[in-house]
Amino acid sequence: MKLARCAHDGVVSWGAIEGDHVNLLGAEHAVPLGGWTLAALDTALKRPAAAVSLEEVSLLSPTPAPSKVICVGLNYRDHAIEAGAEIPEIPLIFAKFPSSVIGPGSAIVIPEDSDQIDWEVELAVVIGSSARNVSESDALAAVLGYTVSVDVSARDLQLSDGQFVRAKSYDTFCPTGPWIVTVDELGDASDLGIGLSVNGETMQSSRTSELIFGVEEIIAFCSRVATLNPGDLILTGTPDGTGFGFDPRRYLSPGDRMAAWVEGIGELVNPVVAA
């Protein structure tokens, strides 16, 4: 199932995507998603409020208020090489502020204190039920599904700060969407095409089979650090082709159009504007 969060006639709703229309499940706060489990979704789907064309709704971030946005750095070998870094022996995790999350079509805002805003397309895991100290073999039981995300990064601030949080946590620096594809529909996420373009020019193109640490290993590792809550996002890493890796380096500018995609999920498009 493709689960979307959208606005229709002034009401924010959850809906299930089917072809070119969406079966609205009712007002956002009236749908008993509970722990974001498939069972709760199945219950809600038995009483959809309406079926409308996708053209009639505005898609919003499918993860509006995660308690955590966990990112995995240097998780594609080719990206670690382009960054001049050693291949990590364990997942390198860091956080983005949840307030950085935006949805499809929302603008990425270039802050006044940086002019080196970079892109990093990522397969994002959406947690569906609380998980703590889970094993790799049980990890997918905690997952609702997958979506597309971009870890937008201010490279100059990242280098000057010597750590990641400020550079990656500005408002609008975590575009996410266009919807969640549930685990049962997407199936195995270990070999999916992934890529990103700016103004129609492909910058990143790879496959999730190039991940150093796979989804199950990442979830198990993160759950040993903190309890994973329903709605939390885990960004699994980005392949090479970031602007930082070009010679000369290339960064986002006002007026750009960024499009990120993951095979089997869809395309996430966001414009870029000045502060």
# chains A, B, ... in the order shown; residues from 1 in each chain; ligands from 1
>>> select_by_dssp(residues="range 44-238 of chain A", states="strand (DSSP E or B)", output="PDB file with C-alpha atoms, in the first residue's frame")
ATOM      1  CA  ALA A  50     -13.872   9.473  -0.224  1.00  0.00           C
ATOM      2  CA  ALA A  51     -11.976   8.627  -3.391  1.00  0.00           C
ATOM      3  CA  VAL A  52     -10.549  11.671  -5.188  1.00  0.00           C
ATOM      4  CA  SER A  53      -8.085  12.313  -7.984  1.00  0.00           C
ATOM      5  CA  SER A  58      -1.794  18.531  -2.067  1.00  0.00           C
ATOM      6  CA  LEU A  59       0.670  15.923  -0.865  1.00  0.00           C
ATOM      7  CA  LEU A  60       2.274  16.658   2.505  1.00  0.00           C
ATOM      8  CA  VAL A  69      15.313  11.812  12.416  1.00  0.00           C
ATOM      9  CA  ILE A  70      18.325   9.498  12.469  1.00  0.00           C
ATOM     10  CA  CYS A  71      20.831   9.610   9.616  1.00  0.00           C
ATOM     11  CA  VAL A  72      23.584   7.194   8.661  1.00  0.00           C
ATOM     12  CA  GLY A  73      26.717   8.822   7.286  1.00  0.00           C
ATOM     13  CA  TYR A  76      27.784   3.966   0.440  1.00  0.00           C
ATOM     14  CA  LEU A  92      28.029   6.347  11.709  1.00  0.00           C
ATOM     15  CA  ILE A  93      24.810   7.883  13.004  1.00  0.00           C
ATOM     16  CA  PHE A  94      23.848  11.498  13.602  1.00  0.00           C
ATOM     17  CA  ALA A  95      20.609  13.446  13.913  1.00  0.00           C
ATOM     18  CA  LYS A  96      18.655  16.122  12.098  1.00  0.00           C
ATOM     19  CA  VAL A 101      11.075  17.897   7.712  1.00  0.00           C
ATOM     20  CA  ILE A 102       9.017  19.210   4.777  1.00  0.00           C
ATOM     21  CA  ILE A 108      14.108  24.234   0.365  1.00  0.00           C
ATOM     22  CA  VAL A 109      15.211  27.581   1.796  1.00  0.00           C
ATOM     23  CA  ILE A 110      18.861  28.564   1.466  1.00  0.00           C
ATOM     24  CA  ILE A 117      23.871  23.893   0.184  1.00  0.00           C
ATOM     25  CA  ASP A 118      24.300  20.306  -0.973  1.00  0.00           C
ATOM     26  CA  VAL A 121      19.214  11.470  -1.745  1.00  0.00           C
ATOM     27  CA  GLU A 122      18.397   8.678   0.712  1.00  0.00           C
ATOM     28  CA  LEU A 123      16.115   5.686   1.150  1.00  0.00           C
ATOM     29  CA  ALA A 124      14.252   6.486   4.373  1.00  0.00           C
ATOM     30  CA  VAL A 125      12.809   3.910   6.763  1.00  0.00           C
ATOM     31  CA  VAL A 126       9.565   4.817   8.541  1.00  0.00           C
ATOM     32  CA  ILE A 127       9.213   3.134  11.917  1.00  0.00           C
ATOM     33  CA  ALA A 131      11.455  -0.934  19.073  1.00  0.00           C
ATOM     34  CA  VAL A 143       8.971  -0.954  10.051  1.00  0.00           C
ATOM     35  CA  LEU A 144       5.800   0.485   8.534  1.00  0.00           C
ATOM     36  CA  GLY A 145       7.418   1.196   5.182  1.00  0.00           C
ATOM     37  CA  TYR A 146       9.790   3.303   3.162  1.00  0.00           C
ATOM     38  CA  THR A 147       9.859   6.760   1.629  1.00  0.00           C
ATOM     39  CA  VAL A 148      12.268   9.076  -0.196  1.00  0.00           C
ATOM     40  CA  SER A 149      14.199  11.750   1.652  1.00  0.00           C
ATOM     41  CA  VAL A 150      17.012  14.216   0.996  1.00  0.00           C
ATOM     42  CA  SER A 153      23.468  19.919   4.057  1.00  0.00           C
ATOM     43  CA  ALA A 154      25.291  23.244   4.458  1.00  0.00           C
ATOM     44  CA  CYS A 174      14.737  17.246   5.232  1.00  0.00           C
ATOM     45  CA  PRO A 175      12.340  16.918   2.268  1.00  0.00           C
ATOM     46  CA  THR A 176      10.389  13.656   2.596  1.00  0.00           C
ATOM     47  CA  GLY A 177       7.774  11.921   0.456  1.00  0.00           C
ATOM     48  CA  PRO A 178       5.865  11.661  -1.736  1.00  0.00           C
ATOM     49  CA  TRP A 179       4.271   8.867   0.348  1.00  0.00           C
ATOM     50  CA  ILE A 180       5.099   5.780   2.370  1.00  0.00           C
ATOM     51  CA  VAL A 181       5.214   2.443   0.576  1.00  0.00           C
ATOM     52  CA  THR A 182       4.521  -0.289   3.111  1.00  0.00           C
ATOM     53  CA  GLY A 193      17.562   2.159  -7.909  1.00  0.00           C
ATOM     54  CA  ILE A 194      18.138   5.509  -6.201  1.00  0.00           C
ATOM     55  CA  GLY A 195      18.982   8.896  -7.685  1.00  0.00           C
ATOM     56  CA  LEU A 196      18.657  12.675  -7.730  1.00  0.00           C
ATOM     57  CA  SER A 197      18.616  15.390 -10.371  1.00  0.00           C
ATOM     58  CA  VAL A 198      18.904  19.169 -10.275  1.00  0.00           C
ATOM     59  CA  GLU A 201      20.537  16.886 -14.797  1.00  0.00           C
ATOM     60  CA  THR A 202      21.222  13.605 -13.036  1.00  0.00           C
ATOM     61  CA  MET A 203      23.645  14.104 -10.148  1.00  0.00           C
ATOM     62  CA  GLN A 204      23.279  10.850  -8.236  1.00  0.00           C
ATOM     63  CA  SER A 205      22.477   7.383  -9.580  1.00  0.00           C
ATOM     64  CA  SER A 206      23.098   4.156  -7.708  1.00  0.00           C
ATOM     65  CA  ARG A 207      21.404   1.154  -6.092  1.00  0.00           C
ATOM     66  CA  LEU A 211      24.848   0.171   1.065  1.00  0.00           C
ATOM     67  CA  LEU A 228      12.561   3.881  18.035  1.00  0.00           C
ATOM     68  CA  LEU A 233      12.645   8.357  10.277  1.00  0.00           C
ATOM     69  CA  ILE A 234      15.941   6.630   9.582  1.00  0.00           C
ATOM     70  CA  LEU A 235      17.812   7.961   6.541  1.00  0.00           C
TER      71      LEU A 235
END
>>> residues_around(residues="range 139-141 of chain A", least_positions_apart="5", cutoff="9 Å", atoms="only C-alpha atoms", output="PDB file with N, CA and C atoms, in the first residue's frame")
ATOM      1  N   GLY A 128       7.197   1.861  12.384  1.00  0.00           N
ATOM      2  CA  GLY A 128       5.763   1.685  12.588  1.00  0.00           C
ATOM      3  C   GLY A 128       5.364   1.303  13.990  1.00  0.00           C
ATOM      4  N   SER A 129       6.275   0.716  14.748  1.00  0.00           N
ATOM      5  CA  SER A 129       5.970   0.335  16.130  1.00  0.00           C
ATOM      6  C   SER A 129       7.228   0.481  16.969  1.00  0.00           C
ATOM      7  N   ALA A 131      10.430   0.108  19.133  1.00  0.00           N
ATOM      8  CA  ALA A 131      11.455  -0.934  19.073  1.00  0.00           C
ATOM      9  C   ALA A 131      12.640  -0.535  19.934  1.00  0.00           C
ATOM     10  N   VAL A 134      16.241  -4.472  19.302  1.00  0.00           N
ATOM     11  CA  VAL A 134      15.755  -5.533  18.422  1.00  0.00           C
ATOM     12  C   VAL A 134      16.928  -6.182  17.696  1.00  0.00           C
ATOM     13  N   VAL A 183       5.956  -2.094   3.781  1.00  0.00           N
ATOM     14  CA  VAL A 183       6.914  -3.178   3.597  1.00  0.00           C
ATOM     15  C   VAL A 183       6.326  -4.290   2.746  1.00  0.00           C
ATOM     16  N   VAL A 215      19.427  -2.257   5.823  1.00  0.00           N
ATOM     17  CA  VAL A 215      18.333  -1.725   6.629  1.00  0.00           C
ATOM     18  C   VAL A 215      18.214  -2.441   7.965  1.00  0.00           C
ATOM     19  N   GLU A 216      18.217  -3.765   7.957  1.00  0.00           N
ATOM     20  CA  GLU A 216      18.042  -4.510   9.207  1.00  0.00           C
ATOM     21  C   GLU A 216      19.173  -4.220  10.191  1.00  0.00           C
ATOM     22  N   GLU A 217      20.399  -4.168   9.689  1.00  0.00           N
ATOM     23  CA  GLU A 217      21.539  -3.896  10.557  1.00  0.00           C
ATOM     24  C   GLU A 217      21.464  -2.490  11.145  1.00  0.00           C
ATOM     25  N   ILE A 218      21.034  -1.530  10.330  1.00  0.00           N
ATOM     26  CA  ILE A 218      20.910  -0.146  10.810  1.00  0.00           C
ATOM     27  C   ILE A 218      19.857  -0.046  11.906  1.00  0.00           C
ATOM     28  N   ILE A 219      18.697  -0.656  11.679  1.00  0.00           N
ATOM     29  CA  ILE A 219      17.621  -0.584  12.674  1.00  0.00           C
ATOM     30  C   ILE A 219      18.068  -1.208  13.985  1.00  0.00           C
ATOM     31  N   ALA A 220      18.662  -2.394  13.919  1.00  0.00           N
ATOM     32  CA  ALA A 220      19.126  -3.067  15.134  1.00  0.00           C
ATOM     33  C   ALA A 220      20.147  -2.199  15.866  1.00  0.00           C
TER      34      ALA A 220
END
>>> residues_around(residues="Ala85 in chain A", least_positions_apart="4", cutoff="12 Å", atoms="only C-alpha atoms", output="list in words")
Gly73, Leu74, Asn75, Tyr76, Arg77, Asp78, His79, Ala80, Ile81, Glu89 and Leu92 of chain A
>>> select_by_dssp(residues="range 14-196 of chain A", states="helix (DSSP H, G or I)", output="number ranges by chain")
A: 28-30, 38-45, 54-56, 77-82, 98-100, 136-142, 155-161, 165-168, 183-186
>>> atom_distance(atom1="CA of Tyr170 in chain A", atom2="CA of Ser100 in chain A")
5.7 Å
>>> residues_around(residues="Val57 in chain A", least_positions_apart="4", cutoff="10 Å", atoms="only C-alpha atoms", output="PyMOL selection string")
chain A and resi 5-13+21-22+52-53
>>> write_last_selection(atoms="N, CA and C atoms", output="PDB file, in the first residue's frame")
ATOM      1  N   ARG A   5      -0.182  11.370   3.095  1.00  0.00           N
ATOM      2  CA  ARG A   5      -0.803  12.396   3.938  1.00  0.00           C
ATOM      3  C   ARG A   5      -1.017  13.594   3.035  1.00  0.00           C
ATOM      4  N   CYS A   6      -2.231  14.092   2.989  1.00  0.00           N
ATOM      5  CA  CYS A   6      -2.546  15.117   1.997  1.00  0.00           C
ATOM      6  C   CYS A   6      -3.605  16.086   2.508  1.00  0.00           C
ATOM      7  N   ALA A   7      -3.690  17.217   1.824  1.00  0.00           N
ATOM      8  CA  ALA A   7      -4.698  18.236   2.132  1.00  0.00           C
ATOM      9  C   ALA A   7      -5.733  18.244   1.017  1.00  0.00           C
ATOM     10  N   HIS A   8      -7.016  18.221   1.409  1.00  0.00           N
ATOM     11  CA  HIS A   8      -8.108  18.234   0.437  1.00  0.00           C
ATOM     12  C   HIS A   8      -9.262  19.030   1.016  1.00  0.00           C
ATOM     13  N   ASP A   9      -9.665  20.071   0.301  1.00  0.00           N
ATOM     14  CA  ASP A   9     -10.763  20.942   0.754  1.00  0.00           C
ATOM     15  C   ASP A   9     -10.521  21.471   2.164  1.00  0.00           C
ATOM     16  N   GLY A  10      -9.280  21.824   2.455  1.00  0.00           N
ATOM     17  CA  GLY A  10      -8.959  22.432   3.734  1.00  0.00           C
ATOM     18  C   GLY A  10      -8.783  21.453   4.882  1.00  0.00           C
ATOM     19  N   VAL A  11      -8.883  20.157   4.590  1.00  0.00           N
ATOM     20  CA  VAL A  11      -8.750  19.139   5.637  1.00  0.00           C
ATOM     21  C   VAL A  11      -7.515  18.297   5.357  1.00  0.00           C
ATOM     22  N   VAL A  12      -6.692  18.096   6.374  1.00  0.00           N
ATOM     23  CA  VAL A  12      -5.533  17.216   6.246  1.00  0.00           C
ATOM     24  C   VAL A  12      -5.985  15.794   6.540  1.00  0.00           C
ATOM     25  N   SER A  13      -5.730  14.897   5.589  1.00  0.00           N
ATOM     26  CA  SER A  13      -6.219  13.527   5.674  1.00  0.00           C
ATOM     27  C   SER A  13      -5.106  12.544   5.381  1.00  0.00           C
ATOM     28  N   HIS A  21      -5.683   7.969  -8.217  1.00  0.00           N
ATOM     29  CA  HIS A  21      -6.557   8.575  -7.218  1.00  0.00           C
ATOM     30  C   HIS A  21      -6.137   8.118  -5.824  1.00  0.00           C
ATOM     31  N   VAL A  22      -6.711   8.752  -4.820  1.00  0.00           N
ATOM     32  CA  VAL A  22      -6.390   8.443  -3.434  1.00  0.00           C
ATOM     33  C   VAL A  22      -7.684   8.192  -2.669  1.00  0.00           C
ATOM     34  N   VAL A  52     -10.719  10.466  -4.383  1.00  0.00           N
ATOM     35  CA  VAL A  52     -10.549  11.671  -5.188  1.00  0.00           C
ATOM     36  C   VAL A  52      -9.303  11.517  -6.053  1.00  0.00           C
ATOM     37  N   SER A  53      -9.242  12.320  -7.104  1.00  0.00           N
ATOM     38  CA  SER A  53      -8.085  12.313  -7.984  1.00  0.00           C
ATOM     39  C   SER A  53      -6.869  12.861  -7.247  1.00  0.00           C
TER      40      SER A  53
END
>>> closest_residue(among="A:Leu3, A:Val262, A:Leu192, A:Ala16", to="Thr63 in chain A", atoms="only C-alpha atoms")
A:Leu3
>>> closest_residue(among="A:Ile265, A:Trp14, A:Ala65, A:Trp119", to="Gly237 in chain A", atoms="only C-alpha atoms")
A:Trp119
>>> closest_residue(among="A:Asn199, A:Ser253, A:Ser223, A:Ser67", to="Ala274 in chain A", atoms="only C-alpha atoms")
A:Ser253
>>> closest_residue(among="A:Thr238, A:Ser137, A:Ala4, A:Ser169", to="Pro104 in chain A", atoms="only C-alpha atoms")
A:Ala4
>>> decode(residues="range 154-199 of chain A", atoms="N, CA and C atoms", output="PDB file, in the first residue's frame")
ATOM      1  N   ALA A 154      24.476  22.038   4.669  1.00  0.00           N
ATOM      2  CA  ALA A 154      25.291  23.244   4.458  1.00  0.00           C
ATOM      3  C   ALA A 154      26.747  22.847   4.660  1.00  0.00           C
ATOM      4  N   ARG A 155      27.462  22.591   3.574  1.00  0.00           N
ATOM      5  CA  ARG A 155      28.800  22.020   3.676  1.00  0.00           C
ATOM      6  C   ARG A 155      29.788  22.941   4.379  1.00  0.00           C
ATOM      7  N   ASP A 156      29.709  24.252   4.126  1.00  0.00           N
ATOM      8  CA  ASP A 156      30.647  25.160   4.779  1.00  0.00           C
ATOM      9  C   ASP A 156      30.472  25.135   6.292  1.00  0.00           C
ATOM     10  N   LEU A 157      29.226  25.085   6.758  1.00  0.00           N
ATOM     11  CA  LEU A 157      28.978  25.050   8.199  1.00  0.00           C
ATOM     12  C   LEU A 157      29.353  23.693   8.784  1.00  0.00           C
ATOM     13  N   GLN A 158      29.129  22.642   8.015  1.00  0.00           N
ATOM     14  CA  GLN A 158      29.508  21.303   8.468  1.00  0.00           C
ATOM     15  C   GLN A 158      31.016  21.233   8.733  1.00  0.00           C
ATOM     16  N   LEU A 159      31.798  21.819   7.811  1.00  0.00           N
ATOM     17  CA  LEU A 159      33.250  21.787   7.960  1.00  0.00           C
ATOM     18  C   LEU A 159      33.722  22.724   9.068  1.00  0.00           C
ATOM     19  N   SER A 160      33.122  23.907   9.172  1.00  0.00           N
ATOM     20  CA  SER A 160      33.572  24.863  10.187  1.00  0.00           C
ATOM     21  C   SER A 160      33.171  24.435  11.591  1.00  0.00           C
ATOM     22  N   ASP A 161      32.000  23.773  11.719  1.00  0.00           N
ATOM     23  CA  ASP A 161      31.541  23.338  13.043  1.00  0.00           C
ATOM     24  C   ASP A 161      32.269  22.086  13.518  1.00  0.00           C
ATOM     25  N   GLY A 162      32.708  21.271  12.581  1.00  0.00           N
ATOM     26  CA  GLY A 162      33.348  20.026  12.963  1.00  0.00           C
ATOM     27  C   GLY A 162      32.371  18.957  13.397  1.00  0.00           C
ATOM     28  N   GLN A 163      31.088  19.192  13.246  1.00  0.00           N
ATOM     29  CA  GLN A 163      30.034  18.206  13.502  1.00  0.00           C
ATOM     30  C   GLN A 163      28.837  18.573  12.630  1.00  0.00           C
ATOM     31  N   PHE A 164      27.791  17.735  12.650  1.00  0.00           N
ATOM     32  CA  PHE A 164      26.790  17.799  11.586  1.00  0.00           C
ATOM     33  C   PHE A 164      25.487  18.538  11.919  1.00  0.00           C
ATOM     34  N   VAL A 165      25.151  18.682  13.180  1.00  0.00           N
ATOM     35  CA  VAL A 165      23.768  19.006  13.533  1.00  0.00           C
ATOM     36  C   VAL A 165      23.296  20.323  12.929  1.00  0.00           C
ATOM     37  N   ARG A 166      24.022  21.411  13.145  1.00  0.00           N
ATOM     38  CA  ARG A 166      23.558  22.705  12.626  1.00  0.00           C
ATOM     39  C   ARG A 166      23.472  22.675  11.105  1.00  0.00           C
ATOM     40  N   ALA A 167      24.494  22.127  10.460  1.00  0.00           N
ATOM     41  CA  ALA A 167      24.576  22.158   9.001  1.00  0.00           C
ATOM     42  C   ALA A 167      23.455  21.377   8.334  1.00  0.00           C
ATOM     43  N   LYS A 168      22.853  20.437   9.051  1.00  0.00           N
ATOM     44  CA  LYS A 168      21.854  19.564   8.449  1.00  0.00           C
ATOM     45  C   LYS A 168      20.453  19.750   9.034  1.00  0.00           C
ATOM     46  N   SER A 169      20.286  20.734   9.925  1.00  0.00           N
ATOM     47  CA  SER A 169      19.017  20.831  10.648  1.00  0.00           C
ATOM     48  C   SER A 169      18.244  22.118  10.425  1.00  0.00           C
ATOM     49  N   TYR A 170      18.676  22.948   9.482  1.00  0.00           N
ATOM     50  CA  TYR A 170      17.888  24.146   9.187  1.00  0.00           C
ATOM     51  C   TYR A 170      16.475  23.734   8.770  1.00  0.00           C
ATOM     52  N   ASP A 171      15.513  24.581   9.084  1.00  0.00           N
ATOM     53  CA  ASP A 171      14.159  24.350   8.592  1.00  0.00           C
ATOM     54  C   ASP A 171      14.215  24.105   7.080  1.00  0.00           C
ATOM     55  N   THR A 172      13.468  23.120   6.616  1.00  0.00           N
ATOM     56  CA  THR A 172      13.321  22.708   5.205  1.00  0.00           C
ATOM     57  C   THR A 172      14.443  21.791   4.732  1.00  0.00           C
ATOM     58  N   PHE A 173      15.394  21.402   5.587  1.00  0.00           N
ATOM     59  CA  PHE A 173      16.543  20.616   5.150  1.00  0.00           C
ATOM     60  C   PHE A 173      16.294  19.104   5.155  1.00  0.00           C
ATOM     61  N   CYS A 174      15.025  18.683   5.295  1.00  0.00           N
ATOM     62  CA  CYS A 174      14.737  17.246   5.232  1.00  0.00           C
ATOM     63  C   CYS A 174      13.463  16.989   4.419  1.00  0.00           C
ATOM     64  N   PRO A 175      13.498  17.256   3.103  1.00  0.00           N
ATOM     65  CA  PRO A 175      12.340  16.918   2.268  1.00  0.00           C
ATOM     66  C   PRO A 175      12.061  15.419   2.335  1.00  0.00           C
ATOM     67  N   THR A 176      10.780  15.055   2.430  1.00  0.00           N
ATOM     68  CA  THR A 176      10.389  13.656   2.596  1.00  0.00           C
ATOM     69  C   THR A 176       9.085  13.397   1.856  1.00  0.00           C
ATOM     70  N   GLY A 177       9.003  12.266   1.157  1.00  0.00           N
ATOM     71  CA  GLY A 177       7.774  11.921   0.456  1.00  0.00           C
ATOM     72  C   GLY A 177       8.073  11.101  -0.798  1.00  0.00           C
ATOM     73  N   PRO A 178       7.168  11.005  -1.757  1.00  0.00           N
ATOM     74  CA  PRO A 178       5.865  11.661  -1.736  1.00  0.00           C
ATOM     75  C   PRO A 178       4.840  10.937  -0.865  1.00  0.00           C
ATOM     76  N   TRP A 179       5.147   9.681  -0.506  1.00  0.00           N
ATOM     77  CA  TRP A 179       4.271   8.867   0.348  1.00  0.00           C
ATOM     78  C   TRP A 179       5.095   7.762   0.956  1.00  0.00           C
ATOM     79  N   ILE A 180       4.457   6.952   1.791  1.00  0.00           N
ATOM     80  CA  ILE A 180       5.099   5.780   2.370  1.00  0.00           C
ATOM     81  C   ILE A 180       4.632   4.554   1.600  1.00  0.00           C
ATOM     82  N   VAL A 181       5.565   3.732   1.167  1.00  0.00           N
ATOM     83  CA  VAL A 181       5.214   2.443   0.576  1.00  0.00           C
ATOM     84  C   VAL A 181       5.459   1.390   1.649  1.00  0.00           C
ATOM     85  N   THR A 182       4.410   0.655   2.013  1.00  0.00           N
ATOM     86  CA  THR A 182       4.521  -0.289   3.111  1.00  0.00           C
ATOM     87  C   THR A 182       5.431  -1.461   2.748  1.00  0.00           C
ATOM     88  N   VAL A 183       5.956  -2.094   3.781  1.00  0.00           N
ATOM     89  CA  VAL A 183       6.914  -3.178   3.597  1.00  0.00           C
ATOM     90  C   VAL A 183       6.326  -4.290   2.746  1.00  0.00           C
ATOM     91  N   ASP A 184       5.054  -4.620   2.978  1.00  0.00           N
ATOM     92  CA  ASP A 184       4.451  -5.733   2.246  1.00  0.00           C
ATOM     93  C   ASP A 184       4.346  -5.444   0.753  1.00  0.00           C
ATOM     94  N   GLU A 185       4.228  -4.163   0.369  1.00  0.00           N
ATOM     95  CA  GLU A 185       4.123  -3.820  -1.050  1.00  0.00           C
ATOM     96  C   GLU A 185       5.501  -3.666  -1.693  1.00  0.00           C
ATOM     97  N   LEU A 186       6.415  -3.000  -1.029  1.00  0.00           N
ATOM     98  CA  LEU A 186       7.732  -2.767  -1.629  1.00  0.00           C
ATOM     99  C   LEU A 186       8.569  -4.038  -1.647  1.00  0.00           C
ATOM    100  N   GLY A 187       8.419  -4.847  -0.609  1.00  0.00           N
ATOM    101  CA  GLY A 187       9.231  -6.059  -0.535  1.00  0.00           C
ATOM    102  C   GLY A 187      10.657  -5.755  -0.119  1.00  0.00           C
ATOM    103  N   ASP A 188      11.593  -6.488  -0.662  1.00  0.00           N
ATOM    104  CA  ASP A 188      13.002  -6.368  -0.306  1.00  0.00           C
ATOM    105  C   ASP A 188      13.555  -5.031  -0.791  1.00  0.00           C
ATOM    106  N   ALA A 189      14.103  -4.256   0.149  1.00  0.00           N
ATOM    107  CA  ALA A 189      14.625  -2.929  -0.200  1.00  0.00           C
ATOM    108  C   ALA A 189      16.130  -2.936  -0.441  1.00  0.00           C
ATOM    109  N   SER A 190      16.721  -4.119  -0.570  1.00  0.00           N
ATOM    110  CA  SER A 190      18.177  -4.206  -0.609  1.00  0.00           C
ATOM    111  C   SER A 190      18.787  -3.997  -1.989  1.00  0.00           C
ATOM    112  N   ASP A 191      17.962  -3.839  -3.038  1.00  0.00           N
ATOM    113  CA  ASP A 191      18.520  -3.609  -4.375  1.00  0.00           C
ATOM    114  C   ASP A 191      17.565  -2.761  -5.202  1.00  0.00           C
ATOM    115  N   LEU A 192      17.432  -1.509  -4.803  1.00  0.00           N
ATOM    116  CA  LEU A 192      16.543  -0.565  -5.475  1.00  0.00           C
ATOM    117  C   LEU A 192      17.362   0.544  -6.125  1.00  0.00           C
ATOM    118  N   GLY A 193      16.932   0.998  -7.299  1.00  0.00           N
ATOM    119  CA  GLY A 193      17.562   2.159  -7.909  1.00  0.00           C
ATOM    120  C   GLY A 193      17.293   3.395  -7.074  1.00  0.00           C
ATOM    121  N   ILE A 194      18.276   4.283  -6.989  1.00  0.00           N
ATOM    122  CA  ILE A 194      18.138   5.509  -6.201  1.00  0.00           C
ATOM    123  C   ILE A 194      18.889   6.622  -6.930  1.00  0.00           C
ATOM    124  N   GLY A 195      18.306   7.827  -6.963  1.00  0.00           N
ATOM    125  CA  GLY A 195      18.982   8.896  -7.685  1.00  0.00           C
ATOM    126  C   GLY A 195      18.407  10.265  -7.390  1.00  0.00           C
ATOM    127  N   LEU A 196      19.067  11.279  -7.936  1.00  0.00           N
ATOM    128  CA  LEU A 196      18.657  12.675  -7.730  1.00  0.00           C
ATOM    129  C   LEU A 196      19.109  13.499  -8.917  1.00  0.00           C
ATOM    130  N   SER A 197      18.264  14.455  -9.305  1.00  0.00           N
ATOM    131  CA  SER A 197      18.616  15.390 -10.371  1.00  0.00           C
ATOM    132  C   SER A 197      18.381  16.818  -9.902  1.00  0.00           C
ATOM    133  N   VAL A 198      19.109  17.736 -10.498  1.00  0.00           N
ATOM    134  CA  VAL A 198      18.904  19.169 -10.275  1.00  0.00           C
ATOM    135  C   VAL A 198      18.679  19.800 -11.631  1.00  0.00           C
ATOM    136  N   ASN A 199      17.517  20.415 -11.803  1.00  0.00           N
ATOM    137  CA  ASN A 199      17.144  21.037 -13.072  1.00  0.00           C
ATOM    138  C   ASN A 199      17.227  20.045 -14.235  1.00  0.00           C
TER     139      ASN A 199
END
